[in-house]
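Coordinates as given in my_file.cif (mmCIF, C-alpha atoms):
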```cif
data_query
#
loop_
_atom_site.group_PDB
_atom_site.id
_atom_site.type_symbol
_atom_site.label_atom_id
_atom_site.label_comp_id
_atom_site.auth_asym_id
_atom_site.auth_seq_id
_atom_site.Cartn_x
_atom_site.Cartn_y
_atom_site.Cartn_z
ATOM 1 C CA MET A 1 -157.719 73.824 -7.782
ATOM 2 C CA PHE A 2 -156.694 72.904 -4.232
ATOM 3 C CA ALA A 3 -159.016 71.719 -1.459
ATOM 4 C CA LEU A 4 -156.591 73.118 1.156
ATOM 5 C CA ARG A 5 -153.919 75.769 0.735
ATOM 6 C CA GLY A 6 -151.346 76.929 3.263
ATOM 7 C CA VAL A 7 -153.128 75.299 6.185
ATOM 8 C CA GLY A 8 -151.181 75.040 9.439
ATOM 9 C CA LEU A 9 -152.638 73.549 12.613
ATOM 10 C CA SER A 10 -151.061 72.448 15.885
ATOM 11 C CA VAL A 11 -153.149 70.798 18.627
ATOM 12 C CA ASP A 12 -151.893 70.093 22.137
ATOM 13 C CA ARG A 13 -152.730 66.794 23.809
ATOM 14 C CA GLY A 14 -155.979 66.819 25.767
ATOM 15 C CA ARG A 15 -157.513 69.742 23.898
ATOM 16 C CA PHE A 16 -160.947 69.865 22.294
ATOM 17 C CA VAL A 17 -160.567 71.699 18.982
ATOM 18 C CA ALA A 18 -163.300 72.466 16.474
ATOM 19 C CA ILE A 19 -162.875 73.207 12.787
ATOM 20 C CA MET A 20 -165.856 75.245 11.642
ATOM 21 C CA GLY A 21 -166.767 76.010 8.068
ATOM 22 C CA ALA A 22 -169.442 75.814 5.427
ATOM 23 C CA SER A 23 -169.934 72.841 3.148
ATOM 24 C CA GLY A 24 -167.066 72.667 0.661
ATOM 25 C CA SER A 25 -164.647 74.625 2.857
ATOM 26 C CA GLY A 26 -162.212 71.706 3.120
ATOM 27 C CA LYS A 27 -163.139 70.317 6.545
ATOM 28 C CA THR A 28 -163.510 66.679 5.488
ATOM 29 C CA THR A 29 -160.361 66.834 3.348
ATOM 30 C CA LEU A 30 -158.440 68.039 6.400
ATOM 31 C CA MET A 31 -159.783 65.132 8.451
ATOM 32 C CA HIS A 32 -158.841 62.662 5.718
ATOM 33 C CA LEU A 33 -155.289 64.017 5.632
ATOM 34 C CA ILE A 34 -154.895 63.730 9.399
ATOM 35 C CA GLY A 35 -156.286 60.191 9.338
ATOM 36 C CA GLY A 36 -154.062 59.129 6.437
ATOM 37 C CA LEU A 37 -157.011 58.412 4.157
ATOM 38 C CA ASP A 38 -155.681 61.027 1.721
ATOM 39 C CA LEU A 39 -152.088 62.172 1.223
ATOM 40 C CA PRO A 40 -151.034 65.808 0.731
ATOM 41 C CA ASP A 41 -149.395 66.977 -2.489
ATOM 42 C CA LYS A 42 -146.816 68.631 -0.283
ATOM 43 C CA GLY A 43 -146.369 69.558 3.348
ATOM 44 C CA SER A 44 -146.279 67.597 6.584
ATOM 45 C CA VAL A 45 -148.927 65.810 8.663
ATOM 46 C CA LYS A 46 -147.765 64.621 12.081
ATOM 47 C CA VAL A 47 -149.822 62.871 14.766
ATOM 48 C CA ASP A 48 -148.107 62.041 18.058
ATOM 49 C CA GLY A 49 -144.721 62.252 16.372
ATOM 50 C CA LEU A 50 -145.657 60.077 13.392
ATOM 51 C CA GLU A 51 -145.176 61.514 9.907
ATOM 52 C CA ILE A 52 -148.366 60.174 8.351
ATOM 53 C CA PRO A 53 -147.527 60.602 4.615
ATOM 54 C CA ALA A 54 -144.275 58.672 5.154
ATOM 55 C CA LEU A 55 -146.127 55.560 6.330
ATOM 56 C CA SER A 56 -146.971 52.674 4.006
ATOM 57 C CA ASP A 57 -150.602 51.777 3.275
ATOM 58 C CA GLU A 58 -150.425 48.975 5.856
ATOM 59 C CA GLU A 59 -148.829 51.233 8.459
ATOM 60 C CA ARG A 60 -151.520 53.880 7.949
ATOM 61 C CA THR A 61 -154.198 51.208 8.382
ATOM 62 C CA LEU A 62 -152.628 50.079 11.661
ATOM 63 C CA PHE A 63 -152.291 53.712 12.755
ATOM 64 C CA ARG A 64 -156.029 54.254 12.262
ATOM 65 C CA ARG A 65 -156.884 50.972 13.957
ATOM 66 C CA ARG A 66 -154.660 51.354 17.013
ATOM 67 C CA ARG A 67 -153.952 55.040 17.586
ATOM 68 C CA LEU A 68 -156.884 56.927 16.111
ATOM 69 C CA GLY A 69 -160.556 57.019 17.094
ATOM 70 C CA ILE A 70 -163.039 58.097 14.411
ATOM 71 C CA VAL A 71 -166.631 59.171 15.005
ATOM 72 C CA PHE A 72 -168.781 59.711 11.928
ATOM 73 C CA GLN A 73 -172.061 61.517 11.335
ATOM 74 C CA ALA A 74 -173.533 58.117 10.464
ATOM 75 C CA PHE A 75 -173.219 55.788 13.429
ATOM 76 C CA ASN A 76 -171.929 52.832 11.345
ATOM 77 C CA LEU A 77 -173.027 50.212 13.865
ATOM 78 C CA LEU A 78 -173.632 46.659 12.702
ATOM 79 C CA PRO A 79 -177.384 46.041 13.089
ATOM 80 C CA SER A 80 -177.033 42.330 13.869
ATOM 81 C CA LEU A 81 -174.755 42.945 16.867
ATOM 82 C CA SER A 82 -175.633 44.247 20.311
ATOM 83 C CA ALA A 83 -174.260 47.566 21.509
ATOM 84 C CA LEU A 84 -171.616 45.751 23.543
ATOM 85 C CA GLU A 85 -170.624 43.530 20.610
ATOM 86 C CA ASN A 86 -170.258 46.600 18.366
ATOM 87 C CA VAL A 87 -167.794 48.070 20.862
ATOM 88 C CA MET A 88 -165.897 44.773 21.185
ATOM 89 C CA LEU A 89 -165.615 44.132 17.443
ATOM 90 C CA PRO A 90 -162.580 46.355 16.595
ATOM 91 C CA MET A 91 -160.600 44.766 19.426
ATOM 92 C CA LEU A 92 -161.461 41.238 18.294
ATOM 93 C CA VAL A 93 -160.538 42.097 14.705
ATOM 94 C CA ASP A 94 -157.201 43.342 16.027
ATOM 95 C CA GLY A 95 -156.589 39.953 17.665
ATOM 96 C CA ARG A 96 -157.150 40.851 21.291
ATOM 97 C CA PRO A 97 -158.436 38.058 23.576
ATOM 98 C CA TYR A 98 -162.206 37.887 24.046
ATOM 99 C CA ALA A 99 -162.010 38.376 27.829
ATOM 100 C CA GLU A 100 -159.842 41.469 27.443
ATOM 101 C CA ALA A 101 -162.146 42.911 24.777
ATOM 102 C CA ARG A 102 -165.210 42.224 26.922
ATOM 103 C CA GLN A 103 -163.716 43.902 29.976
ATOM 104 C CA ARG A 104 -162.664 46.985 28.022
ATOM 105 C CA ALA A 105 -166.069 47.212 26.319
ATOM 106 C CA ASP A 106 -167.813 46.958 29.698
ATOM 107 C CA GLU A 107 -165.680 49.849 30.983
ATOM 108 C CA LEU A 108 -166.423 52.001 27.961
ATOM 109 C CA MET A 109 -170.151 51.340 28.001
ATOM 110 C CA ALA A 110 -170.139 52.528 31.606
ATOM 111 C CA GLN A 111 -168.098 55.584 30.634
ATOM 112 C CA VAL A 112 -170.753 56.656 28.100
ATOM 113 C CA ASN A 113 -173.550 55.814 30.577
ATOM 114 C CA LEU A 114 -174.977 52.904 28.598
ATOM 115 C CA SER A 115 -174.273 49.896 30.809
ATOM 116 C CA HIS A 116 -178.020 49.281 31.001
ATOM 117 C CA ARG A 117 -178.273 49.112 27.180
ATOM 118 C CA GLN A 118 -175.393 46.730 26.461
ATOM 119 C CA ARG A 119 -177.517 43.902 25.089
ATOM 120 C CA HIS A 120 -179.717 46.108 22.899
ATOM 121 C CA ARG A 121 -179.251 46.156 19.136
ATOM 122 C CA PRO A 122 -178.872 49.498 17.335
ATOM 123 C CA ALA A 123 -182.440 49.549 16.023
ATOM 124 C CA THR A 124 -183.753 49.663 19.601
ATOM 125 C CA LEU A 125 -181.476 52.565 20.626
ATOM 126 C CA SER A 126 -182.103 56.270 20.148
ATOM 127 C CA GLY A 127 -179.852 58.267 17.835
ATOM 128 C CA GLY A 128 -177.999 59.752 20.782
ATOM 129 C CA GLU A 129 -177.482 56.322 22.315
ATOM 130 C CA GLN A 130 -176.170 54.947 19.021
ATOM 131 C CA GLN A 131 -173.671 57.781 18.756
ATOM 132 C CA ARG A 132 -172.508 57.153 22.323
ATOM 133 C CA VAL A 133 -171.931 53.510 21.375
ATOM 134 C CA ALA A 134 -169.929 54.746 18.374
ATOM 135 C CA ILE A 135 -167.841 56.966 20.671
ATOM 136 C CA ALA A 136 -167.235 54.039 23.037
ATOM 137 C CA ARG A 137 -166.075 52.008 20.039
ATOM 138 C CA ALA A 138 -163.712 54.826 19.028
ATOM 139 C CA LEU A 139 -162.131 54.739 22.495
ATOM 140 C CA THR A 140 -161.325 51.026 22.564
ATOM 141 C CA THR A 141 -157.615 51.447 21.885
ATOM 142 C CA ARG A 142 -157.161 54.520 24.106
ATOM 143 C CA PRO A 143 -156.429 56.561 20.979
ATOM 144 C CA THR A 144 -154.049 59.477 20.769
ATOM 145 C CA LEU A 145 -156.651 61.457 18.875
ATOM 146 C CA ILE A 146 -160.383 61.306 18.195
ATOM 147 C CA LEU A 147 -161.560 62.690 14.858
ATOM 148 C CA ALA A 148 -165.246 63.580 14.986
ATOM 149 C CA ASP A 149 -166.746 64.363 11.581
ATOM 150 C CA GLU A 150 -170.069 66.221 12.061
ATOM 151 C CA PRO A 151 -170.841 63.775 14.911
ATOM 152 C CA THR A 152 -174.266 65.236 15.709
ATOM 153 C CA GLY A 153 -175.525 65.988 12.215
ATOM 154 C CA ASN A 154 -178.188 63.261 12.453
ATOM 155 C CA LEU A 155 -179.318 64.007 16.015
ATOM 156 C CA ASP A 156 -182.046 66.079 17.645
ATOM 157 C CA PRO A 157 -180.868 69.082 19.724
ATOM 158 C CA THR A 158 -181.123 67.312 23.086
ATOM 159 C CA SER A 159 -179.176 64.257 21.928
ATOM 160 C CA ALA A 160 -176.646 66.471 20.153
ATOM 161 C CA ALA A 161 -176.003 68.458 23.320
ATOM 162 C CA SER A 162 -175.302 65.253 25.264
ATOM 163 C CA ILE A 163 -172.674 64.228 22.676
ATOM 164 C CA TRP A 164 -170.979 67.650 22.794
ATOM 165 C CA ARG A 165 -170.799 67.425 26.582
ATOM 166 C CA LEU A 166 -169.352 63.915 26.345
ATOM 167 C CA LEU A 167 -166.630 65.018 23.913
ATOM 168 C CA ARG A 168 -165.901 67.984 26.191
ATOM 169 C CA HIS A 169 -165.555 65.593 29.145
ATOM 170 C CA LEU A 170 -163.262 63.226 27.238
ATOM 171 C CA ALA A 171 -160.883 66.108 26.540
ATOM 172 C CA SER A 172 -161.025 67.997 29.833
ATOM 173 C CA GLU A 173 -161.216 65.034 32.209
ATOM 174 C CA GLY A 174 -159.950 62.076 30.198
ATOM 175 C CA GLY A 175 -157.013 63.792 28.523
ATOM 176 C CA THR A 176 -158.106 62.640 25.078
ATOM 177 C CA THR A 177 -157.422 65.008 22.193
ATOM 178 C CA VAL A 178 -160.602 65.677 20.209
ATOM 179 C CA LEU A 179 -160.697 67.292 16.773
ATOM 180 C CA MET A 180 -164.233 67.912 15.534
ATOM 181 C CA VAL A 181 -165.377 69.394 12.241
ATOM 182 C CA THR A 182 -168.762 71.056 12.204
ATOM 183 C CA HIS A 183 -170.820 73.827 10.650
ATOM 184 C CA GLU A 184 -172.839 74.288 13.854
ATOM 185 C CA ALA A 185 -171.999 77.112 16.250
ATOM 186 C CA ALA A 186 -173.726 75.254 19.098
ATOM 187 C CA ALA A 187 -171.349 72.323 18.600
ATOM 188 C CA ALA A 188 -168.206 74.417 18.190
ATOM 189 C CA ALA A 189 -169.027 76.387 21.360
ATOM 190 C CA HIS A 190 -168.145 73.328 23.469
ATOM 191 C CA ALA A 191 -164.566 73.296 22.153
ATOM 192 C CA ASP A 192 -161.573 75.002 23.727
ATOM 193 C CA VAL A 193 -160.776 76.753 20.472
ATOM 194 C CA VAL A 194 -162.479 77.035 17.074
ATOM 195 C CA HIS A 195 -160.554 77.424 13.835
ATOM 196 C CA VAL A 196 -162.587 78.895 10.975
ATOM 197 C CA LEU A 197 -161.992 77.367 7.550
ATOM 198 C CA LYS A 198 -163.122 79.076 4.360
ATOM 199 C CA GLU A 199 -162.335 77.953 0.807
ATOM 200 C CA GLY A 200 -159.397 75.848 1.959
ATOM 201 C CA ARG A 201 -157.762 78.427 4.214
ATOM 202 C CA PHE A 202 -157.969 79.271 7.899
ATOM 203 C CA THR A 203 -159.347 82.783 8.319
ATOM 204 C CA GLY A 204 -159.237 83.128 12.081
ATOM 205 C CA THR A 205 -159.607 81.621 15.525
ATOM 206 C CA ILE A 206 -162.310 81.825 18.178
ATOM 207 C CA GLU A 207 -161.282 81.239 21.791
ATOM 208 C CA ALA A 208 -164.458 79.488 22.907
ATOM 209 C CA GLY A 209 -163.075 78.025 26.133
ATOM 210 C CA GLY A 210 -165.837 75.423 26.254
ATOM 211 C CA CYS A 211 -168.322 78.205 27.018
ATOM 212 C CA ALA A 212 -171.253 76.507 25.218
ATOM 213 C CA ASP A 213 -172.316 79.994 24.094
ATOM 214 C CA ALA A 214 -173.559 79.390 20.555
ATOM 215 C CA THR A 215 -174.450 83.053 20.011
ATOM 216 C CA LEU A 216 -170.923 84.216 20.794
ATOM 217 C CA VAL A 217 -169.391 81.657 18.438
ATOM 218 C CA ALA A 218 -171.944 82.327 15.672
ATOM 219 C CA THR A 219 -171.329 86.082 15.829
ATOM 220 C CA ARG A 220 -167.569 85.740 15.681
ATOM 221 C CA TYR A 221 -167.794 83.064 12.969
ATOM 222 C CA ALA A 222 -169.902 85.362 10.778
ATOM 223 C CA GLN A 223 -167.161 87.974 10.999
ATOM 224 C CA LEU A 224 -164.340 85.552 10.177
ATOM 225 C CA ALA A 225 -166.168 83.711 7.395
ATOM 226 C CA ASP A 226 -167.354 86.855 5.641
#
```
Produce structure tokens that represent the structure in this file.
Amino acid sequence: MFALRGVGLSVDRGRFVAIMGASGSGKTTLMHLIGGLDLPDKGSVKVDGLEIPALSDEERTLFRRRRLGIVFQAFNLLPSLSALENVMLPMLVDGRPYAEARQRADELMAQVNLSHRQRHRPATLSGGEQQRVAIARALTTRPTLILADEPTGNLDPTSAASIWRLLRHLASEGGTTVLMVTHEAAAAAHADVVHVLKEGRFTGTIEAGGCADATLVATRYAQLAD
């Protein structure tokens, strides 16, 4: 039994693309293949010209560290570090000078509107603030692609909406390519285009155009996922 079968997907730079499907449809497997965490039995996975399955384990690790930003449903912030330190950490691990890492982290905290919360530890931040810190961390290396795996699954509706708008802004204004998997129509409605995944196959496309119209996306999704 295959998790994905005959899946083809091409994403232009600077686009916000959503993959929408029910639990078990293959969304996470697709993300793992793009990020080089899993390798396909056959077929090709290319990101910014790189053939991911052809890379060694070490090369795939460096690819994820330096060219890919990943945002999880769980925020995965270190509780003993401040928000700013959490953003700096990947750069320090990668050997970048402290001053450079601090400057870049300052810029990113401002970009996600959290300059006033830099010194706060995760436990003192709201869920939405923690996810914005996680997004800032994902942007440290100016990645080619951001993979967002159910990024608002743990958030209240107001906080979730702020994250969807931020991802929309990163794509439309910042030129960052965003690929988000979700089962929520309200989330997918912020994307340029929504690809519907069912039982390991794409069944159709919704041209959302960043409309934020959850009803439109939900109605069309119900037709394509039936």
Each residue of stretch 45-137 of chain A with at least one atom at most 10 Å from stretch 4-23 of chain A should appear once, together with its nearest atom pair and the corresponding distance in Å (one decimal); atoms considered: all atoms listed in the file; ordering: chain, then increasing residue number; output as a tab-separated table.
```
residue	atom	partner	partner_atom	distance
A:Val45	CA	A:Leu9	CA	9.4
A:Lys46	CA	A:Ser10	CA	9.3
A:Val47	CA	A:Val11	CA	9.4
A:Asp48	CA	A:Arg13	CA	8.8
```
Report task. Please identify all polymer residues lying at most 10 Å from the point (-156.2, 74.5, 2.4) (file coordinates), using all atoms listed in the file, and present the result as a list of chain:residue names. Result ->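 Residues satisfying the cut-off, written out: A:Phe2, A:Ala3, A:Leu4, A:Arg5, A:Gly6, A:Val7, A:Gly8, A:Ser25, A:Gly26, A:Lys27, A:Thr29, A:Leu30, A:Leu197, A:Lys198, A:Glu199, A:Gly200, A:Arg201, A:Phe202.
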Query raised in the report: Within 12 Å of stretch 151-155 of chain A, counting only C-alpha atoms, which residues qualify if same-chain residues fewer than 4 places away don't, as number ranges by chain?
Result: A: 18, 70-76, 126-132, 134-135, 146-147, 159-167, 178-184, 186-188
Requested in this report: Can you work out the spacing between atom CA of A:Gly35 and atom CA of A:Arg220 in Å, to one decimal?
Outcome: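 Going from atom CA of A:Gly35 over to atom CA of A:Arg220, I get 28.6 Å.
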Requested in this report: Translate the PyMOL selection byres ((chain A and resi 211-213) around 8), as applied to the file shown, into an explicit residue set as a PyMOL selection string.
Outcome: chain A and resi 186-191+208-210+214-217
Query raised in the report: Contacts of A:Arg96 at 12 Å or less, counting only C-alpha atoms, minus same-chain residues fewer than 6 places along, as a list in words?
Result: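 After dropping sequence-adjacent residues, the list is Arg66, Met88, Leu89, Pro90, Arg102, Gln103, Arg104, Thr140 and Thr141 of chain A.
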**Report entry** Minimum-distance residue to A:Ser80, chosen among A:Leu224, A:Met31, A:Ala123, A:Leu92 (using all atoms listed in the file)
**Finding:** A:Ala123
Query - Matched chain/residue IDs from the PyMOL selection byres ((chain A and resi 204) around 9), as a ChimeraX atom specification - result: /A:194-197,202-203,205-206,221,224-225
**Report entry** Resolved residues for the PyMOL selection byres ((chain A and resi 50-55) around 10) as number ranges by chain
**Finding:** A: 33-49, 56-61, 63
Padding of 4 Å on every side, edges along x, y and z, all listed atoms of stretch 14-29 of chain A included: what centre and edge lengths in Å, to one decimal, does that box have, as AutoDock Vina command-line options?
```
--center_x -163.0 --center_y 71.3 --center_z 13.2 --size_x 22.0 --size_y 17.3 --size_z 33.1
```
Requested in this report: Go ahead and compute the interatomic distance for atom CA of A:Leu108 and atom CA of A:Val87, in Å to one decimal.
Outcome: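 Rounded to one decimal, the two atoms are 8.2 Å apart.
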Report task. Pick out the closest residue to A:Arg67 from this set: A:Gln223, A:Arg142, A:Asp156, A:Arg121. Count all atoms listed in the file. Result ->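 That would be A:Arg142, the residue with the smallest distance to A:Arg67.
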Query raised in the report: Suppose you want the space between atom CA of A:Ala99 and atom CA of A:Gln111; what is it in Å?
Result: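 Spanning atom CA of A:Ala99 to atom CA of A:Gln111 is a straight-line distance of 18.5 Å.
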Query raised in the report: In terms of the shortest atom-to-atom distance over all atoms listed in the file, which of A:Val193, A:Val133, A:Leu170, A:Leu62 is closest to A:Val93?
Result: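 Of all the options, A:Leu62 lies closest to A:Val93.
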Report summary line: A:Thr176 proximity check over A:Leu68, A:Leu84, A:Ala222, A:Ala110, using all atoms listed in the file: winner is A:Leu68
Can you complete the atoms of stretch 46-77 of chain A to N, CA and C atoms and list them as a JSON list (two decimals), in the coordinates of the input?
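Output file selection-v4.json follows:
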```json
[["chain", "number", "residue", "atom", "x", "y", "z"],
["A", 46, "LYS", "N", -148.32, 65.40, 10.98],
["A", 46, "LYS", "CA", -147.76, 64.62, 12.08],
["A", 46, "LYS", "C", -148.82, 64.43, 13.16],
["A", 47, "VAL", "N", -148.94, 63.19, 13.66],
["A", 47, "VAL", "CA", -149.82, 62.87, 14.77],
["A", 47, "VAL", "C", -149.00, 62.11, 15.80],
["A", 48, "ASP", "N", -148.86, 62.69, 16.97],
["A", 48, "ASP", "CA", -148.11, 62.04, 18.06],
["A", 48, "ASP", "C", -146.71, 61.63, 17.60],
["A", 49, "GLY", "N", -146.08, 62.49, 16.83],
["A", 49, "GLY", "CA", -144.72, 62.25, 16.37],
["A", 49, "GLY", "C", -144.60, 61.44, 15.10],
["A", 50, "LEU", "N", -145.69, 60.88, 14.62],
["A", 50, "LEU", "CA", -145.66, 60.08, 13.39],
["A", 50, "LEU", "C", -145.87, 60.96, 12.17],
["A", 51, "GLU", "N", -145.01, 60.82, 11.18],
["A", 51, "GLU", "CA", -145.18, 61.51, 9.91],
["A", 51, "GLU", "C", -146.10, 60.66, 9.03],
["A", 52, "ILE", "N", -147.35, 61.02, 8.96],
["A", 52, "ILE", "CA", -148.37, 60.17, 8.35],
["A", 52, "ILE", "C", -148.10, 59.90, 6.87],
["A", 53, "PRO", "N", -147.76, 60.89, 6.04],
["A", 53, "PRO", "CA", -147.53, 60.60, 4.62],
["A", 53, "PRO", "C", -146.35, 59.66, 4.36],
["A", 54, "ALA", "N", -145.44, 59.54, 5.33],
["A", 54, "ALA", "CA", -144.28, 58.67, 5.15],
["A", 54, "ALA", "C", -144.60, 57.21, 5.43],
["A", 55, "LEU", "N", -145.76, 56.93, 6.00],
["A", 55, "LEU", "CA", -146.13, 55.56, 6.33],
["A", 55, "LEU", "C", -146.62, 54.82, 5.09],
["A", 56, "SER", "N", -146.43, 53.50, 5.08],
["A", 56, "SER", "CA", -146.97, 52.67, 4.01],
["A", 56, "SER", "C", -148.48, 52.54, 4.19],
["A", 57, "ASP", "N", -149.16, 51.99, 3.17],
["A", 57, "ASP", "CA", -150.60, 51.78, 3.28],
["A", 57, "ASP", "C", -150.95, 50.93, 4.50],
["A", 58, "GLU", "N", -150.17, 49.86, 4.72],
["A", 58, "GLU", "CA", -150.43, 48.98, 5.86],
["A", 58, "GLU", "C", -150.18, 49.70, 7.17],
["A", 59, "GLU", "N", -149.13, 50.49, 7.23],
["A", 59, "GLU", "CA", -148.83, 51.23, 8.46],
["A", 59, "GLU", "C", -149.91, 52.27, 8.77],
["A", 60, "ARG", "N", -150.44, 52.91, 7.72],
["A", 60, "ARG", "CA", -151.52, 53.88, 7.95],
["A", 60, "ARG", "C", -152.78, 53.17, 8.43],
["A", 61, "THR", "N", -153.04, 51.98, 7.92],
["A", 61, "THR", "CA", -154.20, 51.21, 8.38],
["A", 61, "THR", "C", -154.06, 50.86, 9.86],
["A", 62, "LEU", "N", -152.87, 50.42, 10.26],
["A", 62, "LEU", "CA", -152.63, 50.08, 11.66],
["A", 62, "LEU", "C", -152.68, 51.33, 12.54],
["A", 63, "PHE", "N", -152.21, 52.45, 12.02],
["A", 63, "PHE", "CA", -152.29, 53.71, 12.76],
["A", 63, "PHE", "C", -153.75, 54.06, 13.06],
["A", 64, "ARG", "N", -154.61, 53.94, 12.05],
["A", 64, "ARG", "CA", -156.03, 54.25, 12.26],
["A", 64, "ARG", "C", -156.67, 53.25, 13.22],
["A", 65, "ARG", "N", -156.27, 52.01, 13.13],
["A", 65, "ARG", "CA", -156.88, 50.97, 13.96],
["A", 65, "ARG", "C", -156.47, 51.08, 15.41],
["A", 66, "ARG", "N", -155.21, 51.45, 15.66],
["A", 66, "ARG", "CA", -154.66, 51.35, 17.01],
["A", 66, "ARG", "C", -154.41, 52.68, 17.71],
["A", 67, "ARG", "N", -154.34, 53.77, 16.96],
["A", 67, "ARG", "CA", -153.95, 55.04, 17.59],
["A", 67, "ARG", "C", -154.93, 56.18, 17.31],
["A", 68, "LEU", "N", -155.94, 55.89, 16.50],
["A", 68, "LEU", "CA", -156.88, 56.93, 16.11],
["A", 68, "LEU", "C", -158.30, 56.45, 16.39],
["A", 69, "GLY", "N", -159.14, 57.30, 16.95],
["A", 69, "GLY", "CA", -160.56, 57.02, 17.09],
["A", 69, "GLY", "C", -161.33, 57.90, 16.13],
["A", 70, "ILE", "N", -162.27, 57.33, 15.40],
["A", 70, "ILE", "CA", -163.04, 58.10, 14.41],
["A", 70, "ILE", "C", -164.52, 57.98, 14.71],
["A", 71, "VAL", "N", -165.19, 59.12, 14.78],
["A", 71, "VAL", "CA", -166.63, 59.17, 15.00],
["A", 71, "VAL", "C", -167.25, 59.87, 13.81],
["A", 72, "PHE", "N", -168.17, 59.18, 13.14],
["A", 72, "PHE", "CA", -168.78, 59.71, 11.93],
["A", 72, "PHE", "C", -170.16, 60.30, 12.22],
["A", 73, "GLN", "N", -170.69, 61.03, 11.24],
["A", 73, "GLN", "CA", -172.06, 61.52, 11.34],
["A", 73, "GLN", "C", -173.03, 60.34, 11.34],
["A", 74, "ALA", "N", -172.79, 59.38, 10.44],
["A", 74, "ALA", "CA", -173.53, 58.12, 10.46],
["A", 74, "ALA", "C", -172.90, 57.23, 11.53],
["A", 75, "PHE", "N", -173.72, 56.51, 12.27],
["A", 75, "PHE", "CA", -173.22, 55.79, 13.43],
["A", 75, "PHE", "C", -172.38, 54.57, 13.03],
["A", 76, "ASN", "N", -172.69, 53.96, 11.87],
["A", 76, "ASN", "CA", -171.93, 52.83, 11.34],
["A", 76, "ASN", "C", -171.84, 51.66, 12.32],
["A", 77, "LEU", "N", -172.95, 51.38, 13.00],
["A", 77, "LEU", "CA", -173.03, 50.21, 13.86],
["A", 77, "LEU", "C", -173.59, 49.04, 13.08]]
```
